[in-house]
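Peer 1: Structure incoming, see below.
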Amino acid sequence: MNAAPILEPLNEAQRQAVTAPAHEPALVLAGAGSGKTRVLVHRIAWLCAVEGVSPFGILAVTFTNKAAAEMRGRTEALLGLPPGGMWVGTFHGIAHRLLRIHWQEAGLPETFQILDSDDQLRLIRRTLRALELDEKQWVPRQVQWFINARKDEGLRPADIQDTGDYAQQQLVRIYAAYEQACRQGGLVDFAELLLRTLELLRDRPGLLDRYRRRFRHVLVDEFQDTNTLQYAWLKLLSGGEVPVFAVGDDDQSIYGWRGARVEHIQAFTRDFPDCRVYRLEQNYRSTATILQAANHLIQFNQGRMGKSLWTQGEDGPPIQCYRAYNERDEARFVVERIRQLLAEGGLRRADIAVLYRSNAQSRLFEERLMAEGVPYRVYGGLRFFERLEVKDALAYLRLSVNRHDDASFERVVNQPTRGIGERTLQVVREVARERGLSLWAAAGLLLDEGRLAARAGNALRRFLDLIQAMATAREGLALFEQVARVIEMSGLEAHYAKEGEAGRTRIENLEELVNAARGFNFDPQIHGEMSDVDAFLAHAALESGEGQGGRWDDCVQLMTLHAAKGLEFPVVFITGLEEGLFPNARSLEEPGRLEEERRLCYVGLTRARHRLILSHAESRRIYGRDHITEPSRFLAELPQELIQDLRPAVQLRPVRHAASRRGAGPMHESGGEFRVGERVRHRGFGEGVIVDCEGQGASARVQVRFEQAGAKWLVLQYAGLERVG
DNA sequence: GGTGACAGTGTTTTT
DNA sequence: CACTGTCACC
């Protein structure tokens, strides 16, 4: 086949990487905006079209479903046909697929279900209760973290060295009990998907051999994000025979806190001998100004692989930096600037992103955007399949498929309430534990033996009958009808209908769940022999349901810096650049984490194509208290000559009185005669600057940051402030 | 079994 | 401040 369409769109460095020797491992260090995905896609095309590799022999791994979908789509577009037989997916998705095929060898029940982190946490809580451990002392979240961290290291309870440490012994005990609970319910959590697969391949040389012969090429995206287990997995699968083509950027490693190890990038060149390293440094995204700033910042990190982005593009506008008085002023500025930019034309709202370090910061921007009538969309937060009502409905579905799924049983047994109280459940749990039965089986046993009081017994009986009836009702129906039927029978809608406004959204989400089921594609390549309900349930656990519900209009984009990774926008705001917030206070303790914060900042800067606007506030209210802040060190680490400082416009002339300014704009911009930014003098506190105003008339208050006395809220009427200068 | 008062807590997040 | 979870009480 003609190689021209594959190679022509590439620059020299990209071409080198794409045409790397087919039998050798390769590490591609791809800077931000340097065409990382393009290289991966073209590499696949190159292998198939020129090296004669069958798509059947290709395994491409990513971290997110979105990245996997993009890679698949672009490969198809380039090759001009769906590359049948090629495996493209997330680590978890691929592990899941292998376990579905080899459930028997992996020691799993055929209908094993996937636990998402919320399910996992609930199961841990139940385990703690079963062990009669105090949740105050054994914090479920920490236990969850412990278990997942051990699994990510490839450790089973038996593999963990007894150091004689009591706390650790207990944690290992809980881990073991949790594993037991998973086994009994046929449940597999996210880390387990990976660990099981690793063990499956490791302990069955025949199987491993088969897959090594099948997958002639393994490609990995975002390699810097691999954790220990994922890396072990790649090494095992390769066995030094199958060449691995890894693409990553050590400067964009921002997930160390959840187990990713950047060091794998360095390790790669050792563990995969004869590996060649390719560097992609030409950036096609940002202006020279933005790149210069990003390069300058990242140089403050030690131990980088070393890479410096460049562009042939223009300098572009200077980076602007606004020093706000407080967080509200910051939000005001950002939204005003957004309106200006939109008014200038040539930009859609969706071209603008507001980035922040923590989700809590979004609220101010939301309020302000809402007040100004600018449509926006917040990324992150609860995803569709994580919503309470959706999970409830799915739990009914799960339970009707697998009655021994204790997690689902617990979840819905009394949701909506049907008179099965804590006392009754206590008895059921106890019997289950004593006899080694599932909750379902224990409940049935109790009823058969007539060991429950009439009222509780009847309620429980009705619940068991309901689930039974759901299973029967589902027979012969299409997937979406089954989902609709289960929701209907569950009584959830009626339950939420009583909750008013909040309940309405929940009911809408339940309807959306039926839509999701209707739109679900059963892919025999992935789902194999599974029933469509099982496949849908797995899909719901593995795909958080991004894009489900919620309309896609032209909206200003609000998200955390983490969520922005991999995206790009013509205009980017990076907000809250303050010590303690960004870099975050908790990462200041260890130097390694500070470097990760810096990389996070680097990721943020390199999201911007044309215009980059930074901001920080001199005072910020956190948990209801005002704090005076220092500008982020990252600001000082940018080349100052590229930055244009924007000062808030200080209004010197007295503004309208409170009484006359009705409808003249948001209240807090003006506090009667005074305005944010003005210098004032107070008899007792001395001189300071007004940093905030609220209320009007007799209740009008201003916040003044005094040079000596710090920040104070003063009621204008009594404070007797004098304007200075 | 549902309501209201209180204490405790508070990065980043995909699968 | 704003949210969660727990506890007492109706």
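Convention: chains lettered A, B, ... in structure tokens order; per-chain residue numbering from 1; ligands numbered from 1 as shown.
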Go through chain A and flag each residue having an atom no more than 10 Å from chain C; for those, report the closest pair of atoms plus their distance in Å to one decimal, using only C-alpha atoms (C1' of nucleotides), ordered by chain and rising number, as a tab-separated table.
Peer 2:
residue	atom	partner	partner_atom	distance
A:Arg621	CA	C:DC1	C1'	8.8
A:Ile622	CA	C:DC1	C1'	7.8
A:Tyr623	CA	C:DC1	C1'	5.0
A:Gly624	CA	C:DC1	C1'	4.3
A:Arg625	CA	C:DC1	C1'	8.1
Peer 1: Define the interface residues of chain B facing chain A as those within 12 Å, counting only C-alpha atoms (C1' of nucleotides), and report them as number ranges by chain.
Peer 2: B: 1-2, 8-15
Peer 1: If you run DSSP on the backbone, which residues of range 448-671 of chain A are alpha helix (DSSP H), as a VMD selection string?
Peer 2: chain A and resid 448 454 to 474 479 to 490 492 to 497 501 to 518 524 to 527 532 to 542 561 to 564 591 to 605 633 to 636
Peer 1: Quick one: distance from CA of Leu446 in chain A to CA of Asp406 in chain A in Å, one decimal?
Peer 2: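 Those two atoms sit 16.1 Å apart.
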Peer 1: Find the distance between CA of Arg212 in chain A and CA of His527 in chain A and write it in Å to one decimal.
Peer 2: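 One can read the CA of Arg212 in chain A to CA of His527 in chain A distance as 21.6 Å.
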Peer 1: Please report, as a ChimeraX atom specification, each residue of range 59-145 of chain A to which DSSP assigns strand (DSSP E or B) when run on this structure's backbone.
Peer 2: /A:59-62,87-90,113-115
Peer 1: To one decimal place, how far is CA of Val50 in chain A from CA of Ala3 in chain A in Å?
Peer 2: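 Going from CA of Val50 in chain A over to CA of Ala3 in chain A, I get 6.6 Å.
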